[in-house]
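upload24.pdb, holding PDB, C-alpha atoms, pLDDT in the B column:
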```pdb
ATOM      1  CA  MET A   1     -24.413 -11.238  -3.223  1.00 81.00           C
ATOM      2  CA  ALA A   2     -21.231 -11.171  -5.278  1.00 89.00           C
ATOM      3  CA  LEU A   3     -17.653 -10.727  -4.091  1.00 92.00           C
ATOM      4  CA  TYR A   4     -15.466  -7.893  -5.391  1.00 94.00           C
ATOM      5  CA  GLU A   5     -12.028  -6.385  -4.882  1.00 93.00           C
ATOM      6  CA  HIS A   6     -11.981  -2.605  -5.317  1.00 95.00           C
ATOM      7  CA  VAL A   7      -8.598  -0.849  -5.498  1.00 95.00           C
ATOM      8  CA  PHE A   8      -8.229   2.902  -5.806  1.00 96.00           C
ATOM      9  CA  LEU A   9      -5.222   5.188  -6.108  1.00 95.00           C
ATOM     10  CA  ALA A  10      -5.330   8.521  -4.299  1.00 95.00           C
ATOM     11  CA  ARG A  11      -3.188  11.567  -5.089  1.00 95.00           C
ATOM     12  CA  GLN A  12       0.329  11.617  -3.652  1.00 93.00           C
ATOM     13  CA  ASP A  13      -0.072  14.968  -1.881  1.00 94.00           C
ATOM     14  CA  LEU A  14      -2.829  13.705   0.436  1.00 93.00           C
ATOM     15  CA  ALA A  15      -2.102  12.949   4.064  1.00 94.00           C
ATOM     16  CA  GLN A  16      -2.691   9.417   5.332  1.00 93.00           C
ATOM     17  CA  ALA A  17      -5.674  10.673   7.348  1.00 94.00           C
ATOM     18  CA  GLN A  18      -7.284  11.981   4.137  1.00 95.00           C
ATOM     19  CA  VAL A  19      -6.694   8.633   2.414  1.00 95.00           C
ATOM     20  CA  ASP A  20      -8.298   6.846   5.368  1.00 94.00           C
ATOM     21  CA  ALA A  21     -11.253   9.231   5.061  1.00 95.00           C
ATOM     22  CA  LEU A  22     -11.626   8.253   1.379  1.00 94.00           C
ATOM     23  CA  ALA A  23     -11.705   4.586   2.399  1.00 94.00           C
ATOM     24  CA  GLU A  24     -14.341   5.400   5.030  1.00 95.00           C
ATOM     25  CA  GLN A  25     -16.447   7.206   2.400  1.00 94.00           C
ATOM     26  CA  ALA A  26     -16.296   4.137   0.164  1.00 94.00           C
ATOM     27  CA  THR A  27     -17.217   1.890   3.093  1.00 95.00           C
ATOM     28  CA  LYS A  28     -20.168   4.145   3.932  1.00 95.00           C
ATOM     29  CA  ILE A  29     -21.435   4.025   0.340  1.00 94.00           C
ATOM     30  CA  ILE A  30     -21.334   0.241   0.403  1.00 94.00           C
ATOM     31  CA  THR A  31     -22.944  -0.215   3.817  1.00 94.00           C
ATOM     32  CA  ASP A  32     -25.675   2.359   3.115  1.00 94.00           C
ATOM     33  CA  ASN A  33     -26.684   0.329   0.049  1.00 92.00           C
ATOM     34  CA  LYS A  34     -26.942  -3.010   1.897  1.00 91.00           C
ATOM     35  CA  GLY A  35     -23.458  -4.236   1.078  1.00 92.00           C
ATOM     36  CA  LYS A  36     -20.626  -5.296   3.355  1.00 93.00           C
ATOM     37  CA  VAL A  37     -16.911  -4.450   3.392  1.00 92.00           C
ATOM     38  CA  VAL A  38     -15.087  -7.607   4.444  1.00 91.00           C
ATOM     39  CA  LYS A  39     -11.576  -6.143   4.632  1.00 91.00           C
ATOM     40  CA  THR A  40      -9.794  -2.836   4.026  1.00 92.00           C
ATOM     41  CA  GLU A  41      -6.054  -2.643   3.374  1.00 91.00           C
ATOM     42  CA  SER A  42      -3.958   0.446   2.892  1.00 92.00           C
ATOM     43  CA  TRP A  43      -0.897  -0.450   0.829  1.00 90.00           C
ATOM     44  CA  GLY A  44       0.723   2.932   1.405  1.00 90.00           C
ATOM     45  CA  LEU A  45       2.407   5.440  -0.865  1.00 93.00           C
ATOM     46  CA  ARG A  46       3.930   3.606  -3.818  1.00 93.00           C
ATOM     47  CA  SER A  47       5.639   4.651  -7.032  1.00 94.00           C
ATOM     48  CA  LEU A  48       3.642   4.490 -10.257  1.00 94.00           C
ATOM     49  CA  ALA A  49       4.956   2.874 -13.422  1.00 94.00           C
ATOM     50  CA  TYR A  50       4.198   6.105 -15.296  1.00 93.00           C
ATOM     51  CA  LYS A  51       2.914   9.570 -14.450  1.00 94.00           C
ATOM     52  CA  ILE A  52      -0.842   9.873 -13.984  1.00 92.00           C
ATOM     53  CA  ALA A  53      -2.212  13.439 -13.860  1.00 90.00           C
ATOM     54  CA  LYS A  54       1.235  14.787 -12.889  1.00 92.00           C
ATOM     55  CA  ASN A  55       1.573  12.254 -10.041  1.00 92.00           C
ATOM     56  CA  ARG A  56       4.627   9.998  -9.807  1.00 95.00           C
ATOM     57  CA  LYS A  57       3.345   8.237  -6.684  1.00 95.00           C
ATOM     58  CA  ALA A  58      -0.061   7.333  -5.266  1.00 95.00           C
ATOM     59  CA  HIS A  59      -1.651   6.011  -2.090  1.00 95.00           C
ATOM     60  CA  TYR A  60      -3.064   2.521  -2.775  1.00 95.00           C
ATOM     61  CA  VAL A  61      -6.148   1.260  -0.903  1.00 95.00           C
ATOM     62  CA  MET A  62      -7.934  -2.068  -1.416  1.00 93.00           C
ATOM     63  CA  LEU A  63     -11.439  -2.987  -0.251  1.00 93.00           C
ATOM     64  CA  GLU A  64     -12.849  -6.514  -0.293  1.00 93.00           C
ATOM     65  CA  ILE A  65     -16.591  -6.184  -0.812  1.00 94.00           C
ATOM     66  CA  ASP A  66     -19.581  -8.518  -0.499  1.00 93.00           C
ATOM     67  CA  ALA A  67     -22.386  -6.646  -2.277  1.00 92.00           C
ATOM     68  CA  PRO A  68     -24.785  -6.739  -5.235  1.00 92.00           C
ATOM     69  CA  GLY A  69     -23.743  -5.270  -8.581  1.00 89.00           C
ATOM     70  CA  ASP A  70     -25.777  -2.059  -8.271  1.00 93.00           C
ATOM     71  CA  VAL A  71     -23.876  -1.168  -5.081  1.00 93.00           C
ATOM     72  CA  VAL A  72     -20.584  -1.526  -6.940  1.00 93.00           C
ATOM     73  CA  ALA A  73     -21.937   0.644  -9.756  1.00 93.00           C
ATOM     74  CA  GLU A  74     -22.800   3.360  -7.225  1.00 94.00           C
ATOM     75  CA  LEU A  75     -19.362   3.053  -5.599  1.00 94.00           C
ATOM     76  CA  GLU A  76     -17.656   3.463  -8.983  1.00 94.00           C
ATOM     77  CA  ARG A  77     -19.877   6.447  -9.837  1.00 95.00           C
ATOM     78  CA  GLN A  78     -18.936   8.186  -6.583  1.00 94.00           C
ATOM     79  CA  THR A  79     -15.263   7.306  -7.068  1.00 93.00           C
ATOM     80  CA  GLN A  80     -15.252   8.861 -10.566  1.00 94.00           C
ATOM     81  CA  ILE A  81     -16.580  12.127  -9.163  1.00 95.00           C
ATOM     82  CA  ASN A  82     -13.917  12.386  -6.440  1.00 93.00           C
ATOM     83  CA  GLU A  83     -10.958  14.519  -7.549  1.00 93.00           C
ATOM     84  CA  ASP A  84      -8.588  12.939  -5.037  1.00 94.00           C
ATOM     85  CA  VAL A  85      -8.857   9.502  -6.702  1.00 95.00           C
ATOM     86  CA  ILE A  86      -6.689   9.271  -9.823  1.00 95.00           C
ATOM     87  CA  ARG A  87      -7.446   5.632 -10.761  1.00 95.00           C
ATOM     88  CA  TYR A  88      -9.663   2.796  -9.565  1.00 96.00           C
ATOM     89  CA  MET A  89     -10.453  -0.762 -10.552  1.00 95.00           C
ATOM     90  CA  THR A  90     -13.117  -3.188  -9.362  1.00 94.00           C
ATOM     91  CA  VAL A  91     -12.792  -6.895 -10.081  1.00 94.00           C
ATOM     92  CA  LYS A  92     -15.351  -9.606  -9.417  1.00 93.00           C
ATOM     93  CA  VAL A  93     -13.745 -12.602  -7.689  1.00 91.00           C
ATOM     94  CA  ASP A  94     -14.916 -16.132  -6.925  1.00 90.00           C
ATOM     95  CA  GLU A  95     -13.694 -15.992  -3.324  1.00 86.00           C
ATOM     96  CA  LEU A  96     -11.970 -13.480  -1.124  1.00 81.00           C
ATOM     97  CA  GLU A  97      -8.409 -14.098  -0.014  1.00 75.00           C
ATOM     98  CA  ALA A  98      -8.088 -15.170   3.609  1.00 77.00           C
ATOM     99  CA  GLY A  99      -5.431 -13.368   5.637  1.00 73.00           C
ATOM    100  CA  PRO A 100      -3.242 -10.582   4.295  1.00 73.00           C
ATOM    101  CA  THR A 101      -3.061 -10.015   0.547  1.00 74.00           C
ATOM    102  CA  VAL A 102       0.094 -10.486  -1.500  1.00 74.00           C
ATOM    103  CA  MET A 103       0.875  -6.771  -1.286  1.00 76.00           C
ATOM    104  CA  MET A 104       0.791  -6.820   2.514  1.00 74.00           C
ATOM    105  CA  ARG A 105       2.901  -9.985   2.712  1.00 73.00           C
ATOM    106  CA  LYS A 106       5.432  -8.350   0.370  1.00 67.00           C
ATOM    107  CA  SER A 107       5.676  -5.224   2.525  1.00 67.00           C
ATOM    108  CA  ASP A 108       6.197  -7.377   5.646  1.00 68.00           C
ATOM    109  CA  ARG A 109       8.940  -9.303   3.868  1.00 68.00           C
ATOM    110  CA  ASP A 110      10.598  -6.051   2.742  1.00 70.00           C
ATOM    111  CA  ARG A 111      10.478  -4.719   6.313  1.00 69.00           C
ATOM    112  CA  GLU A 112      12.174  -7.888   7.567  1.00 74.00           C
ATOM    113  CA  ARG A 113      14.888  -7.556   4.925  1.00 73.00           C
ATOM    114  CA  ARG A 114      15.591  -3.946   5.891  1.00 72.00           C
ATOM    115  CA  GLY A 115      15.825  -4.986   9.527  1.00 71.00           C
ATOM    116  CA  ASP A 116      18.428  -7.611   8.630  1.00 63.00           C
ATOM    117  CA  ARG A 117      20.506  -5.068   6.724  1.00 65.00           C
ATOM    118  CA  GLU A 118      20.355  -2.418   9.426  1.00 62.00           C
ATOM    119  CA  GLY A 119      21.824  -4.811  11.987  1.00 59.00           C
ATOM    120  CA  GLY A 120      25.191  -4.912  10.277  1.00 53.00           C
ATOM    121  CA  ARG A 121      26.958  -6.170   7.220  1.00 53.00           C
ATOM    122  CA  GLY A 122      26.969  -9.857   7.991  1.00 54.00           C
ATOM    123  CA  ASP A 123      30.287 -11.342   9.036  1.00 54.00           C
ATOM    124  CA  ARG A 124      32.311  -8.497   7.516  1.00 55.00           C
ATOM    125  CA  PRO A 125      34.264  -6.656  10.226  1.00 53.00           C
ATOM    126  CA  ASP A 126      33.714  -2.960  10.864  1.00 55.00           C
ATOM    127  CA  ARG A 127      36.145  -0.533   9.272  1.00 57.00           C
ATOM    128  CA  GLY A 128      37.952   0.127  12.559  1.00 57.00           C
ATOM    129  CA  ASP A 129      38.418  -3.562  13.360  1.00 57.00           C
ATOM    130  CA  ARG A 130      40.269  -4.543  10.212  1.00 59.00           C
ATOM    131  CA  GLU A 131      43.002  -6.980  11.005  1.00 65.00           C
ATOM    132  CA  ASP A 132      44.455  -7.228   7.519  1.00 68.00           C
ATOM    133  CA  ARG A 133      46.077  -3.756   7.732  1.00 66.00           C
ATOM    134  CA  PRO A 134      48.401  -2.391  10.384  1.00 67.00           C
ATOM    135  CA  ARG A 135      46.994   0.553  12.322  1.00 68.00           C
ATOM    136  CA  ARG A 136      48.486   3.913  11.345  1.00 70.00           C
ATOM    137  CA  ASN A 137      50.052   6.115  13.905  1.00 71.00           C
ATOM    138  CA  PHE A 138      49.248   9.762  13.186  1.00 71.00           C
ATOM    139  CA  ASP A 139      51.780  11.211  15.659  1.00 69.00           C
ATOM    140  CA  GLY A 140      54.324  11.612  12.899  1.00 60.00           C
ATOM    141  CA  GLU A 141      56.177   8.417  13.763  1.00 56.00           C
TER     142      GLU A 141
END
```
What do you get writing this file as structure tokens?
Amino acid sequence: MALYEHVFLARQDLAQAQVDALAEQATKIITDNKGKVVKTESWGLRSLAYKIAKNRKAHYVMLEIDAPGDVVAELERQTQINEDVIRYMTVKVDELEAGPTVMMRKSDRDRERRGDREGGRGDRPDRGDREDRPRRNFDGE
């Protein structure tokens, strides 16, 4: 059997549960036709480079598949019919990536960066603790 990566973009107005249901439908299509889904990753709601069918954002989902070509053809046929999927792409690969994909590693790195920023502004003192200015007395003195 051949190895594939299948990525689809779901409409922005869908709930995460509906997107997960779409991924489950795709998994069911593959397993019913003697294929195997090795890994499923939901990359979340992301901005698009340009509008697609009046959508500025889309839910991205990636499936790593180990299946024959006719299974992939059936998956793509079913994906085309679904109105909630605005784009999809299936690519044949030589080997599947072990561990999290680049998109998941990037989101983890972004989360770590946000955590660093939320903790404070580095070694810069808070506005109330500024020592370079004398404190004002607002009692009229």
### Query
Pick from A:Arg113, A:Arg136, A:Gln12, A:Pro100: nearest to Arg56 of chain A, with only C-alpha atoms counted?
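Of A:Arg113, A:Arg136, A:Gln12, A:Pro100, the one nearest Arg56 of chain A is A:Gln12, counting only C-alpha atoms.
If you look at atom CA of Ile29 of chain A and atom CA of Ala49 of chain A, they are 29.8 Å away from each other.
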### Task
List, as a ChimeraX atom specification, every residue that the PyMOL selection byres ((chain A and resi 69-79) around 8) selects in the file provided.
/A:2,26,29-30,33-35,67-68,80-82,85,88
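Taking all atoms listed in the file into account, Ala17 of chain A lies nearest to A:His59 out of the set A:Ile65, A:Thr40, A:Ser47, A:His59.
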### Task
Evaluate the PyMOL selection byres ((chain A and resi 52) around 12) and record the selected residues as an MDAnalysis selection string, following the chain and residue labels used in the document.
chainID A and resid 9:12 47:51 53:58 85:87
### Message
When you count only C-alpha atoms, which of these residues is closest to Lys92 of chain A: A:Phe8, A:Gln25, A:Val37, A:Asp66?
### Response
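Among A:Phe8, A:Gln25, A:Val37, A:Asp66, it is A:Asp66 that comes nearest to Lys92 of chain A.
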If you take every atom of segment 20-24 of chain A that the file lists and fit an axis-aligned box around them with 8 Å extra on each side, what centre and edge lengths come out in Å to one decimal, as AutoDock Vina command-line options?
```
--center_x -11.3 --center_y 6.9 --center_z 3.4 --size_x 22.0 --size_y 20.6 --size_z 20.0
```
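The closest residue to Val7 of chain A, picked from A:Thr90, A:Thr101, A:Thr27, A:Ser42 and counting all atoms listed in the file, is A:Thr90.
Using only C-alpha atoms, the shortest contact distance between Lys39 of chain A and any of A:Met103, A:Leu14, A:Val91, A:Ala98 is found at A:Ala98.
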### Given all atoms listed in the file as the counted atoms, nearest of A:Leu3, A:Leu22, A:Val102, A:Val61 to Arg46 of chain A
A:Val61
### Task
Counting all atoms listed in the file, select every polymer residue within 6 Å of (-14.3, -4.4, -2.1) as defined in the file's coordinates, and provide the selection as a list in words.
Tyr4, Glu5, His6, Leu63, Glu64 and Ile65 of chain A
### Query
In Å, with one decimal, what is the gap from atom CA of Met62 of chain A to atom CA of Trp43 of chain A?
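Going from atom CA of Met62 of chain A over to atom CA of Trp43 of chain A, I get 7.6 Å.
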### Query
Distance atom CA of Lys36 of chain A-atom CA of Ala15 of chain A, one decimal place?
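Taking atom CA of Lys36 of chain A as the start and atom CA of Ala15 of chain A as the end point, the length is 26.0 Å.
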